[in-house]
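I have placed the structure first, in the form of C-alpha cells, so that the comments after it can refer back to it.
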Amino acid sequence: MGLARGIFMMDTHTYAQLGQNRFADNSAMLLWHMEKYGVDKCIIKNTVGRSNQINADIVQRYPDKFIAICNDSETQNKSQTGEIKWTIEAAIKEIDGYLATGLYKGIGDGLARDRTKGKKLIPWDERLDQICQIMELARKYKVPVIYHVGIPVGSSSSIDMARSRAHAETCDNGNPLLCHEVASLYPDVPILMAHGGIEASAYYMDDYEKCLNVAGSHKNVFLETGQWWAELYDKPLKDANIGAKKLVWGCGWGQRNVLQHWMPGQIPTTYTGEYLDHPGDNHQADIWGWSLRELGRLNIPQDDLNLILGGNAAYLYDVETPLPHKRLFKHVNRGFEKFVRD
C-alpha cells in the first residue's frame, strides 16, 4: 500500500478555521499539510459557528492555494443565539451578497436550512422550494452547489438529523435520494454530493448506496470520495454511468473531531468516525495520509486517478491549472454543459 499521487492535486473539502465559535485562522497548518502531501489547491468551506469573511481573507492572502465557498453562516450564527429568526429570505440575501463580491466560487457546505433547536420537521415540498432558491443563485453566479449528504455517528448525530433520516422529510441530507428531484430541476448546475454518503459514518453504507443511485442517474451530479476506504471505489468505477469522471477527492481536512478507527480483520479495516467520549480539540487527524493510502490500493490507470485527485475538481470550479486542463487530463464526455439550460 502506497500513497497515491496526482499530476494536480486538489482537495475540495477542507476547513481553514479552528473549531466552532472560534473564528480562528488555521491556514498555517493547512498549508504545512499541503506541502507535505503535495496538494496544490484546496477548497475551503464554512459551517455553523465559523466565518465566511475569514475564508475570504485567507483566499486573498493565498490566491494560488485556496478557493472559498460560502453559506449563510452569519444568519445561522444569529439565529442560534436567538438574535433573529432564521428565514430562507435572509439566508439567500446573505449568500447573494457573498457571491456578488467574486471572492467565493461555490455554495455550501450543505444547503442553507433552519438549524435552530426544537424546530418541527417541514414537508419536502416546502424544503424543495427553499433549495430551488439556492439553486437559482448558483445558476445566476455560475457556481457549483455542494449538497451535503450523510450523517455522522458519534457525538454529532443530532436529534433533528436522526428524525429526518427516519421520516425522509428534512433536512435533505437525511435521505440522499431527495437529490434526484433537485438534480432533475437544475440539470445545468453541477452538484457535488459532499462525503459521497460516508461522513465519518463508520462502516455504515446505506447513504453511500443512495448516492451512487443519484450520481448514476444525473449527468450533473458528482461524488466526493475523500472519506471512502478503497473497496468503496470499486462499484462506481465499474458503473458506466459514474466512472472516474464523476468522483472528486475531498476529505474534510480540518474537522478535528473526525478520527480514524481500526477494526483488524474486517472490511473496512480502517475508517473515519467520531468517538462518543471524544475529549475535544486535540491534534489534527492525518486524514490525507489515510485517504491517499486507500487510493493507493487501487490498480487503475493513472489518468483516471488524476481525474479523481484534481482533474474533475478543476473542471467543477474552473480552476486555472499550471498547464491547460485539456493537456493535463484526459478528455471525458461529461454529457452536459455547465449553466446551459435545456
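Starting from 1 in every chain, residues are counted up; chains themselves are A, B, ... following the order of the C-alpha cells, and ligands are numbered from 1 as listed.
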
* What lies within 10 Å of Ser27 of chain A using only C-alpha atoms, ignoring chain neighbours under 2 positions off, as a ChimeraX atom specification? -> /A:15-18,24-25,29-33,44,55,58-59,62,66,254

* For Leu185 of chain A, work out the shell of residues within 10 Å, counting only C-alpha atoms and skipping chain neighbours fewer than 6 positions away, then give it as a list of chain:residue names. =>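 The neighbour list is A:Cys132, A:Met135, A:Cys179.
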
* Between atom CA of Ser291 of chain A and atom CA of Trp249 of chain A, what is the spacing in Å? ->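 According to the coordinates, atom CA of Trp249 of chain A and atom CA of Ser291 of chain A are separated by 9.0 Å.
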
Near Gly335 of chain A, within 10 Å and counting only C-alpha atoms, which residues show up once chain neighbours fewer than 6 positions away are dropped, as an mmCIF file with N, CA and C atoms, in the first residue's frame?
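The file below, selection04.cif, is the result:
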data_model
loop_
_atom_site.group_PDB
_atom_site.id
_atom_site.type_symbol
_atom_site.label_atom_id
_atom_site.label_comp_id
_atom_site.auth_asym_id
_atom_site.auth_seq_id
_atom_site.Cartn_x
_atom_site.Cartn_y
_atom_site.Cartn_z
ATOM 1 N N HIS A 218 -27.905 11.147 -13.016
ATOM 2 C CA HIS A 218 -27.866 12.544 -13.440
ATOM 3 C C HIS A 218 -26.451 12.926 -13.869
ATOM 4 N N LYS A 219 -26.323 13.517 -15.030
ATOM 5 C CA LYS A 219 -25.012 13.867 -15.566
ATOM 6 C C LYS A 219 -24.347 14.996 -14.795
ATOM 7 N N ASN A 220 -25.119 15.781 -14.079
ATOM 8 C CA ASN A 220 -24.570 16.944 -13.377
ATOM 9 C C ASN A 220 -24.235 16.656 -11.919
#

* Best match for closeness to Val248 of chain A among A:Pro236, A:Asp11, A:Ala56, A:Trp290, counting only C-alpha atoms ->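 Comparing A:Pro236, A:Asp11, A:Ala56, A:Trp290 against Val248 of chain A, the winner is A:Asp11.
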
* **Closest of A:Ala100, A:Ile88, A:Gly226, A:Ala28 to Arg61 of chain A - atom-to-atom distances counting only C-alpha atoms** =>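 Selected residue with least distance to Arg61 of chain A: A:Ala28.
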
* Asked: With distances taken over only C-alpha atoms, which of A:Gly273, A:Pro324, A:Gly2, A:Gly289 is nearest to Val153 of chain A?
  ->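 So, comparing all the options, the nearest one is A:Gly273.
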
* To do: Enumerate as a ChimeraX atom specification all residues of segment 46-267 of chain A assigned to helix (DSSP H, G or I) by DSSP on the backbone, naming them with the chain letters and numbers the document uses.
  => /A:52-61,73-80,88-100,124-141,159-167,172-174,176-185,195-197,206-215,230-238,244-246

* Close residues, Leu137 of chain A itself excluded, 12 Å, only C-alpha atoms, min 6 positions apart in chain, as a list in words ->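 Here the answer would be Cys70, Asn71, Ala91, Ile92, Lys93, Glu94, Ile95, Asp96, Gly97, Tyr98, Leu99, Ala100, Lys105, Gly106, Ile107, Gly108, Leu111, Gln130, Ile131, Val143, Pro144, Val145, Tyr186, Val189 and Phe339 of chain A.
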
* Among listed residues A:Asp304, A:Asp64, A:Glu337, A:Glu231, nearest Thr270 of chain A (using only C-alpha atoms) ->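 Distance minimum relative to Thr270 of chain A lands on A:Glu231.
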
* **DSSP strand (DSSP E) residues within segment 74-319 of chain A, as a ChimeraX atom specification** => /A:104-107,145-148,191-194,221-224,247-248,259-262,270-273

Write out the residues from the selection above, keeping C-alpha atoms, as an mmCIF file, in the first residue's frame.
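Result went into selection.cif, see below:
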data_model
loop_
_atom_site.group_PDB
_atom_site.id
_atom_site.type_symbol
_atom_site.label_atom_id
_atom_site.label_comp_id
_atom_site.auth_asym_id
_atom_site.auth_seq_id
_atom_site.Cartn_x
_atom_site.Cartn_y
_atom_site.Cartn_z
ATOM 1 C CA TYR A 104 -16.498 32.843 -3.458
ATOM 2 C CA LYS A 105 -16.786 30.115 -6.080
ATOM 3 C CA GLY A 106 -19.499 27.827 -4.741
ATOM 4 C CA ILE A 107 -22.392 27.383 -2.302
ATOM 5 C CA VAL A 145 -23.572 23.589 -5.264
ATOM 6 C CA ILE A 146 -22.240 21.333 -2.529
ATOM 7 C CA TYR A 147 -25.179 19.147 -1.478
ATOM 8 C CA HIS A 148 -24.486 17.711 1.957
ATOM 9 C CA ILE A 191 -23.978 19.290 -7.787
ATOM 10 C CA LEU A 192 -21.232 17.792 -5.645
ATOM 11 C CA MET A 193 -22.577 15.331 -3.086
ATOM 12 C CA ALA A 194 -20.317 16.019 -0.112
ATOM 13 C CA VAL A 221 -24.069 15.052 -10.082
ATOM 14 C CA PHE A 222 -20.571 14.291 -8.756
ATOM 15 C CA LEU A 223 -19.493 12.336 -5.678
ATOM 16 C CA GLU A 224 -16.926 13.428 -3.117
ATOM 17 C CA LEU A 247 -15.504 11.125 -8.480
ATOM 18 C CA VAL A 248 -13.872 14.036 -6.654
ATOM 19 C CA LEU A 259 -10.761 10.474 13.894
ATOM 20 C CA GLN A 260 -9.615 7.185 12.411
ATOM 21 C CA HIS A 261 -10.812 3.845 13.730
ATOM 22 C CA TRP A 262 -9.267 0.416 13.373
ATOM 23 C CA THR A 270 -9.742 1.415 8.920
ATOM 24 C CA TYR A 271 -12.373 4.114 8.561
ATOM 25 C CA THR A 272 -13.230 7.624 9.771
ATOM 26 C CA GLY A 273 -15.696 8.396 12.531
#

* Asked: So which residues touch Ile7 of chain A within 9 Å, counting only C-alpha atoms, skipping near sequence neighbours fewer than 6 positions away, as an MDAnalysis selection string?
  -> chainID A and resid 303 306 309:311 328:329

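Residue nearest Tyr317 of chain A, chosen from A:Leu298, A:Ile69, A:Asp234, A:Gly174 and counting only C-alpha atoms: A:Ile69.
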
Set the distance at 7 Å and use only C-alpha atoms: which residues neighbour Gly252 of chain A once local chain neighbours fewer than 2 positions away are removed? I'd like the list as a PDB file with N, CA, C and O atoms, in the first residue's frame.
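Written out: around_8.pdb:
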ATOM      1  N   HIS A  13     -12.713  19.713   0.020  1.00  0.00           N
ATOM      2  CA  HIS A  13     -13.464  19.784   1.277  1.00  0.00           C
ATOM      3  C   HIS A  13     -12.487  19.970   2.431  1.00  0.00           C
ATOM      4  O   HIS A  13     -12.041  19.005   3.048  1.00  0.00           O
ATOM      5  N   THR A  14     -12.125  21.224   2.714  1.00  0.00           N
ATOM      6  CA  THR A  14     -11.236  21.499   3.842  1.00  0.00           C
ATOM      7  C   THR A  14     -11.801  22.660   4.658  1.00  0.00           C
ATOM      8  O   THR A  14     -12.612  23.456   4.177  1.00  0.00           O
ATOM      9  N   GLY A 250     -12.132  14.775  -1.742  1.00  0.00           N
ATOM     10  CA  GLY A 250     -12.431  15.802  -0.747  1.00  0.00           C
ATOM     11  C   GLY A 250     -12.585  15.127   0.598  1.00  0.00           C
ATOM     12  O   GLY A 250     -13.469  14.294   0.783  1.00  0.00           O
ATOM     13  N   GLY A 254      -9.497  19.309   8.567  1.00  0.00           N
ATOM     14  CA  GLY A 254      -9.812  20.384   9.496  1.00  0.00           C
ATOM     15  C   GLY A 254     -10.933  20.066  10.448  1.00  0.00           C
ATOM     16  O   GLY A 254     -11.156  20.792  11.422  1.00  0.00           O
ATOM     17  N   GLN A 255     -11.675  18.969  10.199  1.00  0.00           N
ATOM     18  CA  GLN A 255     -12.695  18.520  11.146  1.00  0.00           C
ATOM     19  C   GLN A 255     -11.982  17.723  12.239  1.00  0.00           C
ATOM     20  O   GLN A 255     -11.779  16.520  12.118  1.00  0.00           O
TER      21      GLN A 255
END

* May I ask which of the residues A:Ala314, A:Ala200, A:Ile67, A:Leu212 is the closest one to Trp228 of chain A, counting only C-alpha atoms? => A:Ala200

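A straight line drawn from atom CA of Arg139 of chain A to atom CA of Lys246 of chain A is 20.0 Å long.
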
* Quick one: distance from atom CA of Ala138 of chain A to atom CA of His195 of chain A in Å, one decimal? -> 20.1 Å
